[in-house]
Amino acid sequence: MSLFSTLGTGTSGLKAAELAISVAGHNISNANNEYYTRQRMVTEANIPFHTSPGDIGTGVSVTTIIRIHDEFVYTRLKDSSNTFSYDTFNKKTLEEVARYFPDLKKSGLGTDIEKYFKSWNDLASNSDDAAQKIALVQNSLTLSTNLKKTRDNVRALQDSVNGQLKTNIDEVNSIGAKIVELNKSISSVEVIEPNRANDLRDKRDKLELTLSELLNNSVFKGDMISENHLDANLTDRGTGYHLNIAGHSFVDGTTFHPLEISNTGNESSYYSIYSKSQDGSKIDITEKIFGGKVGAMLDLRGRNIDPATNSSFPTDGKLQGYIDDLDTFSKTLVERTNNIYARSAQERMSSFSNKDLKDNTSLVNHSESLKKGTFDVVMYDKQGKEVGRKTININSLTTMNDSTASPSIVSQFNANADDNGDNNSLNDIDDHFNAVYSFDKLTNSGSLAFDAKDNLSGYTIAIEDHGTNFAGAIGLSPFLQGDKASNIDVVLKYKEDPAKVNAYDAPIAGNNKVANAMVQMQYDKFDFHRSGTSTVTETVEGFYRFVTTEIGTDGENAGRSYETSKALFNTINAEFQSISGVNEDEELADLIRFQASYGANAKVISTINQMLDTLLGIKQ
C-alpha cells in the first residue's frame with residue numbers, strides 16, 4: 001500500500017461526490033417536470049487490498065444510476081388515467097347535448113309541442129276561422145323546424161366526434177412510432193450492463209401514459225424486477241417490450257404495426273378502426289376498443305357501422321340513440337296526426353311513396369306501427385251526409401294489391417258491395433271511387449290512391465280507423481309529412497294555403513270533430529318504437545319527456561362518474577409523485593451532503609499531496 005494508492009482512494013471519492021452532485025442537480029432542474037422520475041446514484045466500496053493485519057480499502061466506485069420507479073403504482077396510474085380521460089370527454093360531450101334540449105320557460109321543444117296542440121284546440125273552438133288555421137300551420141312549422149334543428153345539432157356533434165376520432169387514432173400511431181424509436185435507443189444504451197437509460201424510459205413512460213389516456217392497451221416488458229436492496233419502491237420491468245391494443249400487436253420491440261382508420265364505402269363517412277396483421281389482412285377492432293378518450297368517442301358516436309343499414313350511420317352509441325329517439329318521436333307524431341286527419345273528408349285521397357311496400361308485401365310486417373284490425377271508408381254527399389260505409393279488414397296476410405292469400409286493400413275497396421244498405425248496387429263507394437296501388441320498381445316504392453270516378457259528383461271520402469293506424473302508417477291524405485326528425489314538415493298545400501286545413505270529418509260548416517280528436521290525441525298513449533327492440537308506450541309529450549329525462553340522467557351519471565374518477569386519479573397520481581417525483585428540500589439537503597463529501601475528499605487529496613512533498617523533501 002502506497003501514498004499513490006491512497007491518492008487514488010481520495011480521487012474515487014472526489015469523482016463519486018462530483019457525480020452525485022450532478023445527479024442531484026439533474027433532479028432539481030426537473031422538479032417541475034411531472035413525467036420525470038427522480039434518480040439516485042448507487043455506490044459500493046472498491047475491491048480492497050488483502051494484507052496483514054487486514055484489508056485496506058481502495059475507495060468507492062459508482063455501480064449505476066437508478067430511477068426511483070414503482071411499476072405497480074405506475075400501472076395503476078395508467079388505468080386511472082384511462083378512466084379519467086374517458087369520463088372527462090364523456091361528461092363534456094353529454095353536457096353539450098343537454099344544451100340542445102333547454103325546455104326552459106317559453107323555449108324548447110316541450111313548449112313547441114304544447115303550442116302545437118293548443119293550436120288544434122283553438123281551431124276546434126272556431127273551426128272556420130282562417131286566422132286559427134294560419135296559426136296552426138305556423139306552430140306546426142315551428143315544431144318541425146325545431147325538431148330538425150335539434151336533430152341537426154346532435155348529428156353535427158356526432159360528426160365532430162367522428163372527425164376527432166380520426167385525429168386521435170393518428171396520434172395513437174404517432175405515439176407507437178415514437179415508442180419504437182425509444183425502444184431502439186434504450187436497447188443500444190442498456191446492452192452494456194449495468195447501464196440504465198433512465199431518461200429514455202421516462203420518455204417512454206410518458207408516451208405510454210398518453211396512450212392510456214387515448215385508449216385501453218396492455219404492455220408487457222418482461223419479468224418484474226424488484227431491487228429492495230437499492231430502494232424499497234424500486235420495481236421495474238426488464239428489457240423486453242410488447243404493446244397490444246384490443247388484443248392485437250401494436251408495438252413489438254422495434255417493430256410497429258400501426259392502426260388503420262378508414263371510412264371508404266360508408267355513405268355516412270364514419271370511420272372504422274382496423275388492425276393490420278403481418279400478412280396484410282385487416283381486422284375490424286372498432287367494437288373491441290374501450291376506455292380512454294377514443295373509447296368514449298366510440299361509445300358516444302357508435303361502433304357498429306353496417307353500410308347496408310341506417311344509411312351507414314351507427315346502429316348503437318348514445319348520440320345515435322338520441323337521434324333515433326328524435327326520429328321515433330317525429331315519425332310517431334306524423335303518423336298519429338295523419339291517422340286522425342284522414343277522418344277529414346276529401347275529394348281524393350293519396351298516400352306517401354312507401355319504400356319497399358310491394359303489391360304482395362304483408363302490411364303488418366312492413367310497418368311495426370301498422371296493426372291488425374279494421375278501418376272504415378266513409379263516403380259523404382255534397383251536404384255532408386254519410387251515404388256509404390265500407391269496412392276494410394287487415395290481418396297478418398293482408399297486402400296492398402295481392403289477394404292470393406287474403407283479400408288485399410285494393411280488392412276490398414273496389415269490391416261491389418251494398419255500402420249504404422239501400423239494395424241499390426249503383427250508388428255505393430265502389431261506384432264513385434276507385435282504389436289504385438302503383439309500385440315503381442325503379443324507386444322500389446309504392447303509393448295508394450282513392451280516386452273519384454266522377455270529379456263533378458261532389459262526393460267525398462274519409463278514413464275512420466279502429467286501431468290499425470293504416471292511414472297514418474302509409475301517409476294517406478296527410479297533414480304532416482316525413483318519417484324522421486330531419487324531414488318532418490307540413491304538407492306543401494297547407495303551407496301554401498292554410499285555409500285548406502280541415503277541422504271537420506263530414507264537410508259541414510262548423511264541424512270540428514277532427515280538430516277535437518287532435519286535441520284528445522295529446523292525452524292518448526301510443527307505442528313509440530325505438531331503434532332496436534325497445535318500445536315505450538306514452539303520450540306524445542310523455543315520450544318527449546322520456547327522451548329528455550334520459551339525456552339528463554346520462555349527463556348526471558357522467559358527471560358523477562367524472563368526479564369519482566377524478567378523485568381516484570388525483571389520489572394515485574399523488575402516490576406516484578410521492579415515490580417518483582422530485583422533493584426539492586430532500587435534493588438540496590443531499591446537495592449540501594455531497595458538497596461536504598467533495599470537500600472532504602479534496603482534503604484527503606490535499607493531505608496526500610503534502611505528504612508526498614514531505615517525502616520528496618527528505619530525499620533531497
# chains A, B, ... in the order shown; residues from 1 in each chain; ligands from 1
$ residues_around --residues "Gly59 (chain A)" --least-positions-apart "5" --cutoff "8 Å" --atoms "only C-alpha atoms" --output "list in words"
Gly8, Thr9, Gly10, Ser12, Gly13, Ala45 and Asn46 of chain A
$ write_last_selection --atoms "C-alpha atoms" --output "CSV table (one decimal), in the first residue's frame"
chain,number,residue,atom,x,y,z
A,8,GLY,CA,-6.5,7.1,-5.8
A,9,THR,CA,-8.8,6.4,-2.9
A,10,GLY,CA,-9.4,10.2,-2.4
A,12,SER,CA,-12.5,8.0,-6.4
A,13,GLY,CA,-14.4,9.7,-3.6
A,45,ALA,CA,-16.7,0.1,-1.9
A,46,ASN,CA,-13.9,-0.8,-4.4
$ residues_around --residues "region 459-465 of chain A" --least-positions-apart "2" --cutoff "6 Å" --atoms "only C-alpha atoms" --output "tab-separated table (two decimals) with C-alpha atoms, in the first residue's frame"
chain	number	residue	atom	x	y	z
A	342	ALA	CA	-107.56	11.06	-42.62
A	343	ARG	CA	-111.03	11.28	-40.98
A	344	SER	CA	-111.46	14.60	-42.77
A	345	ALA	CA	-113.44	14.06	-45.97
A	346	GLN	CA	-111.52	14.65	-49.20
A	347	GLU	CA	-112.45	14.57	-52.88
A	375	PHE	CA	-110.88	0.69	-40.63
A	376	ASP	CA	-113.91	2.17	-42.36
A	377	VAL	CA	-114.03	4.06	-45.62
A	378	VAL	CA	-116.80	6.66	-45.20
A	379	MET	CA	-118.46	8.47	-48.13
A	380	TYR	CA	-120.30	11.81	-47.82
A	381	ASP	CA	-122.55	13.64	-50.29
A	457	SER	CA	-120.28	14.24	-58.33
A	467	GLY	CA	-106.85	0.68	-34.22
$ select_by_dssp --residues "region 387-434 of chain A" --states "helix (DSSP H, G or I)" --output "list in words"
Ile409, Val410, Ser411, Gln412, Phe413, Asn414, Ile429, Asp430, Asp431 and His432 of chain A
$ write_last_selection --atoms "N, CA and C atoms" --output "compact mmCIF listing (two decimals), in the first residue's frame"
# COMPACT_ATOMS: atom_id res chain seq x y z
N ILE A 409 -106.07 -4.65 -49.78
CA ILE A 409 -106.73 -3.36 -49.55
C ILE A 409 -107.47 -2.92 -50.81
N VAL A 410 -106.80 -3.04 -51.96
CA VAL A 410 -107.40 -2.59 -53.22
C VAL A 410 -108.64 -3.41 -53.55
N SER A 411 -108.53 -4.74 -53.40
CA SER A 411 -109.67 -5.59 -53.75
C SER A 411 -110.85 -5.36 -52.79
N GLN A 412 -110.59 -5.15 -51.54
CA GLN A 412 -111.68 -4.89 -50.59
C GLN A 412 -112.35 -3.55 -50.88
N PHE A 413 -111.54 -2.55 -51.22
CA PHE A 413 -112.10 -1.22 -51.50
C PHE A 413 -112.97 -1.28 -52.77
N ASN A 414 -112.45 -1.96 -53.79
CA ASN A 414 -113.15 -1.98 -55.08
C ASN A 414 -114.24 -3.04 -55.17
N ILE A 429 -119.75 2.97 -52.61
CA ILE A 429 -118.42 3.58 -52.67
C ILE A 429 -117.67 3.17 -53.92
N ASP A 430 -117.75 1.88 -54.29
CA ASP A 430 -117.03 1.43 -55.47
C ASP A 430 -117.59 2.02 -56.76
N ASP A 431 -118.81 2.58 -56.71
CA ASP A 431 -119.39 3.21 -57.89
C ASP A 431 -118.89 4.64 -58.08
N HIS A 432 -118.39 5.24 -57.02
CA HIS A 432 -117.95 6.63 -57.10
C HIS A 432 -116.44 6.80 -56.93
$ closest_residue --among "A:Asn360, A:Thr571, A:Asn502, A:Thr553" --to "Ile134 (chain A)" --atoms "only C-alpha atoms"
A:Asn502
$ residues_around --residues "region 78-92 of chain A" --least-positions-apart "4" --cutoff "8 Å" --atoms "only C-alpha atoms" --output "number ranges by chain"
A: 74, 96, 208-209, 212-216, 291-297, 300, 555, 558-559, 561-562, 565-566, 568-569, 572
$ write_last_selection --atoms "C-alpha atoms" --output "CSV table (one decimal), in the first residue's frame"
chain,number,residue,atom,x,y,z
A,74,TYR,CA,-47.4,3.4,-12.5
A,96,GLU,CA,-73.2,19.9,-24.8
A,208,GLU,CA,-47.5,5.1,-22.5
A,209,LEU,CA,-49.4,7.3,-20.1
A,212,SER,CA,-53.6,5.1,-21.9
A,213,GLU,CA,-55.4,8.4,-21.9
A,214,LEU,CA,-56.5,7.7,-25.5
A,215,LEU,CA,-57.4,4.0,-25.3
A,216,ASN,CA,-57.1,0.8,-23.4
A,291,GLY,CA,-61.6,3.2,-22.3
A,292,GLY,CA,-59.8,6.5,-22.7
A,293,LYS,CA,-60.8,9.3,-25.0
A,294,VAL,CA,-61.2,7.1,-28.1
A,295,GLY,CA,-63.3,4.6,-26.2
A,296,ALA,CA,-65.6,7.5,-25.1
A,297,MET,CA,-65.8,8.7,-28.7
A,300,LEU,CA,-70.9,8.2,-27.9
A,555,GLY,CA,-75.4,13.7,-18.2
A,558,ALA,CA,-71.4,11.1,-16.5
A,559,GLY,CA,-70.8,14.0,-14.0
A,561,SER,CA,-68.5,9.2,-12.8
A,562,TYR,CA,-66.2,12.1,-13.7
A,565,SER,CA,-62.6,9.0,-11.5
A,566,LYS,CA,-61.0,12.4,-10.9
A,568,LEU,CA,-59.2,8.3,-7.8
A,569,PHE,CA,-56.7,9.7,-10.4
A,572,ILE,CA,-53.0,7.6,-7.3
$ residues_around --residues "Asn217 (chain A)" --least-positions-apart "3" --cutoff "8 Å" --atoms "only C-alpha atoms" --output "number ranges by chain"
A: 211-212, 243-246
$ residues_around --residues "Lys513 (chain A)" --least-positions-apart "5" --cutoff "8 Å" --atoms "only C-alpha atoms" --output "PyMOL selection string"
chain A and resi 124+503-505
$ residues_around --residues "Ser188 (chain A)" --least-positions-apart "5" --cutoff "12 Å" --atoms "only C-alpha atoms" --output "CSV table (one decimal) with C-alpha atoms, in the first residue's frame"
chain,number,residue,atom,x,y,z
A,181,GLU,CA,-37.6,4.7,-31.7
A,182,LEU,CA,-37.2,4.9,-28.0
A,183,ASN,CA,-37.0,1.1,-27.8
A,193,GLU,CA,-24.6,-3.8,-18.1
A,195,ASN,CA,-26.2,1.0,-17.9
A,196,ARG,CA,-29.7,2.3,-17.4
A,197,ALA,CA,-31.5,4.5,-19.9
A,200,LEU,CA,-35.3,7.4,-22.2
A,239,THR,CA,-35.7,-5.1,-21.4
A,254,THR,CA,-38.6,-2.3,-32.5
$ residues_around --residues "Gln132 (chain A)" --least-positions-apart "3" --cutoff "7 Å" --atoms "only C-alpha atoms" --output "PyMOL selection string"
chain A and resi 122-123+129+135-136
$ write_last_selection --atoms "N, CA and C atoms" --output "tab-separated table (two decimals), in the first residue's frame"
chain	number	residue	atom	x	y	z
A	122	ASP	N	-107.53	25.69	-30.40
A	122	ASP	CA	-108.06	26.98	-30.84
A	122	ASP	C	-108.89	26.82	-32.11
A	123	LEU	N	-108.41	25.95	-33.02
A	123	LEU	CA	-109.17	25.71	-34.25
A	123	LEU	C	-110.48	25.01	-33.95
A	129	ASP	N	-112.35	29.63	-38.82
A	129	ASP	CA	-111.57	30.88	-38.74
A	129	ASP	C	-110.23	30.71	-39.45
A	135	ALA	N	-102.40	30.16	-37.78
A	135	ALA	CA	-101.63	29.94	-36.55
A	135	ALA	C	-101.26	28.47	-36.38
A	136	LEU	N	-102.19	27.58	-36.71
A	136	LEU	CA	-101.93	26.14	-36.62
A	136	LEU	C	-100.77	25.75	-37.53
$ closest_residue --among "A:Asp70, A:Glu550, A:Glu563, A:Glu368" --to "Arg38 (chain A)" --atoms "only C-alpha atoms"
A:Asp70
$ atom_distance --atom1 "CA of Glu34 (chain A)" --atom2 "CA of Arg593 (chain A)"
25.7 Å
$ closest_residue --among "A:Met400, A:Ile340, A:Val490, A:Leu442" --to "Asn469 (chain A)" --atoms "only C-alpha atoms"
A:Ile340
$ select_by_dssp --residues "region 497-555 of chain A" --states "strand (DSSP E)" --output "list of chain:residue names"
A:Phe526, A:Asp527, A:Phe528, A:His529, A:Thr535, A:Val536, A:Thr537, A:Glu538
$ atom_distance --atom1 "CA of Ile283 (chain A)" --atom2 "CA of His257 (chain A)"
12.4 Å
$ closest_residue --among "A:Leu588, A:Asn609, A:Ala452, A:Arg40" --to "Ile28 (chain A)" --atoms "only C-alpha atoms"
A:Leu588
$ closest_residue --among "A:Trp120, A:Leu7, A:Gln383, A:Thr332" --to "Gly458 (chain A)" --atoms "only C-alpha atoms"
A:Gln383
